[in-house]
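Enquirer: If it helps, the file is called my_file-v6.cif and holds mmCIF, C-alpha atoms:
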```cif
data_start
#
loop_
_atom_site.label_atom_id
_atom_site.label_comp_id
_atom_site.auth_asym_id
_atom_site.auth_seq_id
_atom_site.Cartn_x
_atom_site.Cartn_y
_atom_site.Cartn_z
CA GLY Y 6 57.20 75.01 127.85
CA LEU Y 7 53.80 73.96 126.56
CA GLU Y 8 52.87 77.59 125.85
CA ALA Y 9 56.17 78.10 124.01
CA HIS Y 10 55.44 75.03 121.90
CA ARG Y 11 52.07 76.42 120.85
CA ASP Y 12 53.55 79.87 120.23
CA LEU Y 13 56.16 78.43 117.86
CA LEU Y 14 53.48 76.47 115.99
CA VAL Y 15 51.47 79.67 115.53
CA ARG Y 16 54.29 82.00 114.55
CA PHE Y 17 56.39 79.73 112.36
CA ALA Y 18 54.11 76.86 111.25
CA GLY Y 19 50.78 78.67 110.87
CA PHE Y 20 48.93 76.29 113.21
CA ASP Y 21 46.56 78.36 115.34
CA ASP Y 22 43.56 76.76 116.98
CA SER Y 23 41.44 77.33 120.07
CA ASP Y 24 42.03 75.36 123.25
CA GLY Y 25 38.79 73.45 122.80
CA ASP Y 26 39.72 72.34 119.26
CA ILE Y 27 43.06 70.85 120.33
CA TYR Y 28 42.53 67.28 121.51
CA ASN Y 29 43.59 66.67 125.13
CA TYR Y 30 44.49 70.31 125.70
CA ASP Y 31 42.00 71.39 128.37
CA ASP Y 32 39.83 68.27 128.56
CA ASN Y 33 40.36 64.48 128.41
CA LEU Y 34 44.06 64.27 129.38
CA ASP Y 35 44.01 68.04 130.10
CA ILE Y 36 47.68 68.75 129.47
CA LYS Y 37 47.04 72.41 130.31
CA ALA Y 38 46.51 71.48 133.97
CA ALA Y 39 49.55 69.17 134.00
CA ARG Y 40 52.02 71.56 132.36
CA ILE Y 41 50.68 75.12 132.76
CA THR Y 42 48.46 75.22 135.85
CA THR Y 43 51.23 73.18 137.44
CA ALA Y 44 53.87 75.31 135.79
CA TRP Y 45 56.77 73.70 133.91
CA ASN Y 46 58.69 76.89 133.15
CA ILE Y 47 60.95 77.57 130.20
CA ARG Y 48 63.94 79.85 129.64
CA TRP Y 49 65.51 79.58 126.21
CA TRP Y 50 67.13 81.78 123.59
CA ALA Y 51 68.58 81.43 120.11
CA LEU Y 52 71.36 83.67 118.82
CA LYS Y 53 71.17 82.36 115.25
CA PRO Y 54 68.51 80.68 113.09
CA VAL Y 55 67.64 77.14 114.17
CA GLU Y 56 65.48 74.46 112.61
CA LEU Y 57 61.91 74.69 113.90
CA GLU Y 58 61.33 70.93 114.04
CA LYS Y 59 64.38 70.40 116.26
CA VAL Y 60 63.26 73.12 118.69
CA LEU Y 61 59.74 71.70 118.89
CA GLU Y 62 61.12 68.20 119.53
CA GLN Y 63 63.47 69.51 122.23
CA ILE Y 64 60.57 71.22 124.00
CA GLN Y 65 58.56 68.00 123.83
CA TYR Y 66 61.48 66.03 125.26
CA GLU Y 67 62.31 68.39 128.13
CA PHE Y 68 58.68 69.07 129.06
CA CYS Y 69 57.57 65.45 128.67
CA PHE Y 70 54.77 65.48 126.14
CA ILE Y 71 54.05 64.60 122.51
CA PHE Y 72 52.25 66.64 119.86
CA LYS Y 73 50.65 64.81 116.95
CA TRP Y 74 47.73 64.94 114.55
CA ARG Y 75 44.59 62.95 115.40
CA ASN Y 76 41.66 62.87 113.00
CA GLY Y 77 42.72 66.16 111.47
CA LEU Y 78 43.13 67.91 114.82
CA GLY Y 79 46.25 68.84 116.73
CA SER Y 80 46.59 66.82 119.93
CA TYR Y 81 48.85 66.58 122.98
CA TRP Y 82 49.75 63.39 124.84
CA TYR Y 83 51.61 62.40 127.98
CA VAL Y 84 51.76 59.50 130.44
CA LYS Y 85 49.52 60.11 133.47
CA ASP Y 86 50.44 59.56 137.10
CA SER Y 87 48.06 56.59 137.24
CA TYR Y 88 45.33 54.96 135.20
CA SER Y 89 41.90 53.54 135.94
CA SER Y 90 39.16 51.77 134.00
CA GLY Y 91 37.78 55.12 132.83
CA ASP Y 92 40.93 55.72 130.77
CA VAL Y 93 40.63 52.47 128.81
CA VAL Y 94 39.47 52.84 125.21
CA GLN Y 95 39.24 49.09 124.50
CA THR Y 96 39.81 45.80 126.30
CA LEU Y 97 41.03 43.09 123.94
CA LYS Y 98 40.42 39.34 124.18
CA LYS Y 99 42.00 36.39 122.39
CA ASP Y 100 39.08 36.30 119.92
CA ASP Y 101 39.91 39.87 118.86
CA ILE Y 102 43.58 39.32 118.09
CA VAL Y 103 46.11 37.11 116.33
CA ASN Y 104 49.92 36.97 116.25
CA LEU Y 105 50.27 37.91 119.91
CA ARG Y 106 53.86 38.71 120.90
CA ILE Y 107 54.96 39.52 124.45
CA ASN Y 108 58.35 41.13 125.08
CA ASN Y 109 60.17 43.18 127.66
CA ILE Y 110 61.86 46.48 126.94
CA PRO Y 111 65.55 45.89 126.18
CA PHE Y 112 67.83 45.95 129.19
CA SER Y 113 69.90 48.54 127.31
CA GLU Y 114 66.98 51.01 127.62
CA LEU Y 115 66.90 50.75 131.40
CA LEU Y 116 67.38 54.16 133.06
CA THR Y 117 68.01 53.97 136.80
CA GLN Y 118 70.16 57.03 137.63
CA MET Y 119 70.30 60.49 136.07
CA GLU Y 120 72.77 63.32 136.59
CA ILE Y 121 70.67 66.33 135.60
CA ASN Y 122 72.09 69.76 134.80
CA TYR Y 123 69.55 72.58 134.45
CA GLU Y 124 69.15 76.37 134.57
CA LYS Y 125 71.57 77.04 131.73
CA HIS Y 126 73.79 80.06 132.24
CA PRO Y 127 72.80 82.89 129.84
CA ALA Y 128 76.38 83.82 128.95
CA GLU Y 129 78.64 80.89 129.80
CA SER Y 130 78.70 77.27 128.68
CA ARG Y 131 77.59 75.81 132.00
CA TYR Y 132 74.54 75.17 134.17
CA LEU Y 133 73.64 76.90 137.42
CA SER Y 134 72.03 73.86 139.07
CA SER Y 135 72.47 70.11 139.06
CA GLN Y 136 71.10 67.09 140.88
CA THR Y 137 71.28 63.31 141.02
CA SER Y 138 68.00 61.45 140.59
CA LYS Y 139 67.85 57.78 141.60
CA ASP Y 140 64.92 55.59 142.60
CA THR Y 141 65.81 54.54 146.13
CA THR Y 142 62.23 53.49 146.92
CA ASN Y 143 61.95 50.59 144.47
CA ASN Y 144 65.73 50.11 144.09
CA PRO Y 145 65.83 48.79 140.49
CA ARG Y 146 69.63 49.11 140.52
CA THR Y 147 69.75 46.49 143.26
CA THR Y 148 67.09 44.34 141.59
CA TRP Y 149 69.06 44.19 138.34
CA ASN Y 150 72.49 44.04 139.99
CA ILE Y 151 73.67 47.31 138.47
CA GLN Y 152 77.06 48.39 139.79
CA ASN Y 153 77.84 51.84 141.20
CA LYS Y 154 79.37 53.31 138.04
CA GLU Y 155 77.01 51.66 135.55
CA ASN Y 156 73.77 52.80 133.93
CA ILE Y 157 74.16 56.50 134.75
CA SER Y 158 72.87 59.04 132.24
CA GLU Y 159 73.96 62.68 132.18
CA VAL Y 160 71.20 65.01 130.97
CA ASN Y 161 71.49 68.70 130.14
CA LEU Y 162 68.20 70.60 130.25
CA ASP Y 163 68.62 73.72 128.11
CA MET Y 164 64.99 74.84 128.46
CA ASN Y 165 63.37 73.30 131.52
CA VAL Y 166 64.39 75.52 134.45
CA ASN Y 167 62.21 74.41 137.36
CA LYS Y 168 61.10 70.80 136.87
CA PRO Y 169 64.17 68.53 136.90
CA GLY Y 170 62.14 66.12 139.03
CA ASN Y 171 62.68 64.54 142.42
CA THR Y 172 66.02 63.24 143.63
CA ASN Y 173 64.10 60.04 144.44
CA PRO Y 174 61.60 59.60 141.59
CA GLY Y 175 60.31 56.40 143.17
CA GLY Y 176 58.80 58.44 145.99
CA GLY Y 177 56.88 60.90 143.82
CA ASP Y 178 54.40 61.05 140.95
CA THR Y 179 55.14 60.56 137.27
CA ASN Y 180 54.48 64.21 136.41
CA ASP Y 181 56.44 65.79 139.26
CA GLY Y 182 59.26 66.53 136.84
CA PHE Y 183 61.66 65.35 134.16
CA ALA Y 184 63.38 62.58 136.15
CA ASP Y 185 60.10 61.19 137.51
CA TYR Y 186 58.53 61.09 134.06
CA TYR Y 187 61.29 59.27 132.23
CA MET Y 188 62.11 56.90 135.08
CA ASN Y 189 58.45 55.90 135.19
CA ILE Y 190 58.81 54.85 131.55
CA PHE Y 191 62.38 53.51 131.52
CA GLY Y 192 63.24 53.00 135.20
CA ASP Y 193 62.34 49.32 135.30
CA ILE Y 194 61.70 46.47 132.88
CA LYS Y 195 58.25 46.92 131.35
CA LYS Y 196 56.20 44.74 129.01
CA VAL Y 197 55.70 45.50 125.31
CA ILE Y 198 52.80 43.77 123.57
CA SER Y 199 52.36 43.41 119.81
CA CYS Y 200 49.41 41.85 118.00
CA ASP Y 201 47.11 42.10 115.01
CA ILE Y 202 43.53 43.12 115.83
CA VAL Y 203 41.15 41.32 113.48
CA ASN Y 204 37.87 42.41 115.08
CA PRO Y 205 36.96 45.74 113.47
CA ALA Y 206 34.32 46.40 116.12
CA VAL Y 207 37.02 47.02 118.73
CA SER Y 208 39.73 48.49 116.51
CA TYR Y 209 38.13 50.99 114.14
CA ASN Y 210 38.58 53.98 116.45
CA LEU Y 211 41.99 53.19 117.98
CA GLU Y 212 44.89 55.61 117.59
CA THR Y 213 48.40 55.91 118.98
CA GLY Y 214 48.30 57.30 122.51
CA ASP Y 215 45.12 55.41 123.43
CA ILE Y 216 45.11 53.32 126.59
CA ILE Y 217 44.05 49.70 126.19
CA GLN Y 218 43.93 46.59 128.32
CA PHE Y 219 43.93 42.89 127.63
CA SER Y 220 41.27 40.88 129.39
CA ASN Y 221 42.32 39.71 132.84
CA THR Y 222 39.40 37.26 133.03
CA ALA Y 223 40.52 33.64 133.16
CA GLY Y 224 40.40 31.98 129.74
CA GLU Y 225 39.98 35.18 127.73
CA MET Y 226 43.68 35.45 126.83
CA PRO Y 227 45.76 32.56 125.45
CA VAL Y 228 48.74 32.97 127.83
CA GLU Y 229 49.87 34.91 130.87
CA PRO Y 230 52.62 37.53 130.27
CA PHE Y 231 55.84 36.22 131.85
CA GLY Y 232 53.96 34.69 134.78
CA ASP Y 233 52.26 38.01 135.52
CA ASN Y 234 48.60 38.85 134.84
CA TRP Y 235 46.84 41.13 132.35
CA ALA Y 236 45.76 43.77 134.88
CA ASP Y 237 48.21 46.41 133.63
CA TYR Y 238 47.44 49.37 131.36
CA TYR Y 239 49.10 49.75 127.96
CA MET Y 240 49.55 52.75 125.68
CA ILE Y 241 49.49 52.18 121.92
CA THR Y 242 52.81 53.44 120.59
CA ASP Y 243 52.61 52.16 117.01
CA LEU Y 244 49.58 51.44 114.82
CA GLN Y 245 49.42 50.26 111.21
CA ARG Y 246 46.14 49.88 109.33
CA SER Y 247 45.63 47.39 106.52
CA PRO Y 248 42.55 45.70 104.99
CA GLY Y 249 40.87 43.51 107.58
CA LYS Y 250 43.22 44.15 110.48
CA ILE Y 251 45.16 46.68 112.52
CA LYS Y 252 48.65 45.92 113.77
CA ILE Y 253 49.59 47.56 117.07
CA GLN Y 254 52.43 47.76 119.52
CA ALA Y 255 51.54 48.78 123.07
CA ARG Y 256 53.80 49.58 126.01
CA GLU Y 257 53.03 49.06 129.69
CA VAL Y 258 52.41 52.41 131.41
CA GLY Y 259 50.61 51.54 134.61
#
```
Write the structure described by the file as structure tokens, please.
Expert:
Amino acid sequence: GLEAHRDLLVRFAGFDDSDGDIYNYDDNLDIKAARITTAWNIRWWALKPVELEKVLEQIQYEFCFIFKWRNGLGSYWYVKDSYSSGDVVQTLKKDDIVNLRINNIPFSELLTQMEINYEKHPAESRYLSSQTSKDTTNNPRTTWNIQNKENISEVNLDMNVNKPGNTNPGGGDTNDGFADYYMNIFGDIKKVISCDIVNPAVSYNLETGDIIQFSNTAGEMPVEPFGDNWADYYMITDLQRSPGKIKIQAREVG
């Protein structure tokens, strides 16, 4: 899927660059290892003209990555299996920020069971394989008192033929497949942090996709997040620059 994405960019958008000049392709996040060396295979066809942007976005959705521009370069992004201190671009303290807001993802975004259809039939309007994916290790459906017929999402994978994910995503890694990836992000209530960064020394080089932390040292943050601590890792999902400050929104990813 990743190779198809690059091929479409070359043939129909004129974007052709070497592996080393694409940020996160074969170093840093190294999406090549996560999606090609560990092969997420594609089978797809079009019998009539289709809009390029929609096809690119569908590939990104089914193969669990994002393409965006960063400092004039193409770049690829995805959520890793786990994070450590070496992934953190900046650690913010209360003196660096103002207008701190702590929220949870909406309950309506919770995704605890998926009925996945994949391996689309080449001639008929149906799929050759299907599976149910539900986290029976952490049991978020029990935690949130979700009833048997509630919060079930049916997903049709038209491109992804071999990585629907585990039937129990809670027992695997984030990048084992489609179900594991999206249930890691939406499978339980996660924290969303918004703030304005007023210290340019820690904000000048931040971009969406970067991993940040908030100081977990006592006294270096004004409050604790919902009785938890600040040990978690957050990915910047929205960033707005203005004179004297940068406004960010960051989502818990690990």
Enquirer: Restricting the calculation to only C-alpha atoms, which member of Y:Ser138, Y:Asn156, Y:Thr147, Y:Asn108 is positioned closest to Asn171 of chain Y?
Expert: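 Smallest distance to Asn171 of chain Y is found for Y:Ser138.
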Enquirer: Tell me which of Y:Val55, Y:Val94, Y:Leu14, Y:Leu116 sits closest to Val160 of chain Y, counting only C-alpha atoms.
Expert: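 Comparing Y:Val55, Y:Val94, Y:Leu14, Y:Leu116 against Val160 of chain Y, the winner is Y:Leu116.
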Enquirer: Would you write out, as a PDB file with C-alpha atoms, in the frame of the given file, every residue that the PyMOL selection byres ((chain Y and resi 169) around 8) captures in this file?
Expert:
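Final file, result.pdb:
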```pdb
ATOM      1  CA  ILE Y 121      70.670  66.330 135.600  1.00  0.00           C
ATOM      2  CA  TYR Y 123      69.550  72.580 134.450  1.00  0.00           C
ATOM      3  CA  ASN Y 165      63.370  73.300 131.520  1.00  0.00           C
ATOM      4  CA  VAL Y 166      64.390  75.520 134.450  1.00  0.00           C
ATOM      5  CA  ASN Y 167      62.210  74.410 137.360  1.00  0.00           C
ATOM      6  CA  LYS Y 168      61.100  70.800 136.870  1.00  0.00           C
ATOM      7  CA  GLY Y 170      62.140  66.120 139.030  1.00  0.00           C
ATOM      8  CA  ASN Y 171      62.680  64.540 142.420  1.00  0.00           C
ATOM      9  CA  GLY Y 182      59.260  66.530 136.840  1.00  0.00           C
ATOM     10  CA  PHE Y 183      61.660  65.350 134.160  1.00  0.00           C
ATOM     11  CA  ALA Y 184      63.380  62.580 136.150  1.00  0.00           C
TER      12      ALA Y 184
END
```
Enquirer: Which of these, Y:Val15, Y:Leu97, Y:Ile190, Y:Ala255, has the shortest distance to Gly175 of chain Y once you count only C-alpha atoms?
Expert: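 So, comparing all the options, the nearest one is Y:Ile190.
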Enquirer: Any chance you could work out the residue set of the PyMOL selection byres ((chain Y and resi 28) around 10) here, as a list in words?
Expert: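 This file gives the following for the PyMOL selection byres ((chain Y and resi 28) around 10): Asp24, Gly25, Asp26, Ile27, Asn29, Tyr30, Asp31, Asp32, Asn33, Leu34, Asp35, Ile36, Phe72, Lys73, Trp74, Arg75, Asn76, Leu78, Gly79, Ser80, Tyr81 and Trp82 of chain Y.
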Enquirer: Which residue gives the smallest distance to Ser89 of chain Y among Y:Pro205, Y:Gly232, Y:Gly259, Y:Gly176, with only C-alpha atoms counted?
Expert: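 Of Y:Pro205, Y:Gly232, Y:Gly259, Y:Gly176, the one nearest Ser89 of chain Y is Y:Gly259, counting only C-alpha atoms.
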Enquirer: Within 9 Å of Glu257 of chain Y, counting all atoms listed in the file, which residues qualify if same-chain residues fewer than 3 places away don't, as a PyMOL selection string?
Expert: chain Y and resi 190+195-198+237-240
Enquirer: I'd like to see the residues matched by the PyMOL selection byres ((chain Y and resi 115) around 12) on this file, and ideally I'd get them as a list of chain:residue names.
Expert: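 Checked against the file, the PyMOL selection byres ((chain Y and resi 115) around 12) matches Y:Asn109, Y:Ile110, Y:Pro111, Y:Phe112, Y:Ser113, Y:Glu114, Y:Leu116, Y:Thr117, Y:Gln118, Y:Met119, Y:Pro145, Y:Arg146, Y:Trp149, Y:Ile151, Y:Glu155, Y:Asn156, Y:Ile157, Y:Ser158, Y:Tyr187, Y:Met188, Y:Asn189, Y:Ile190, Y:Phe191, Y:Gly192, Y:Asp193, Y:Ile194, Y:Lys195.
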Enquirer: If you measure from atom CA of Leu162 of chain Y to atom CA of Ser130 of chain Y, what distance in Å do you get, rounded to one decimal?
Expert: 12.5 Å
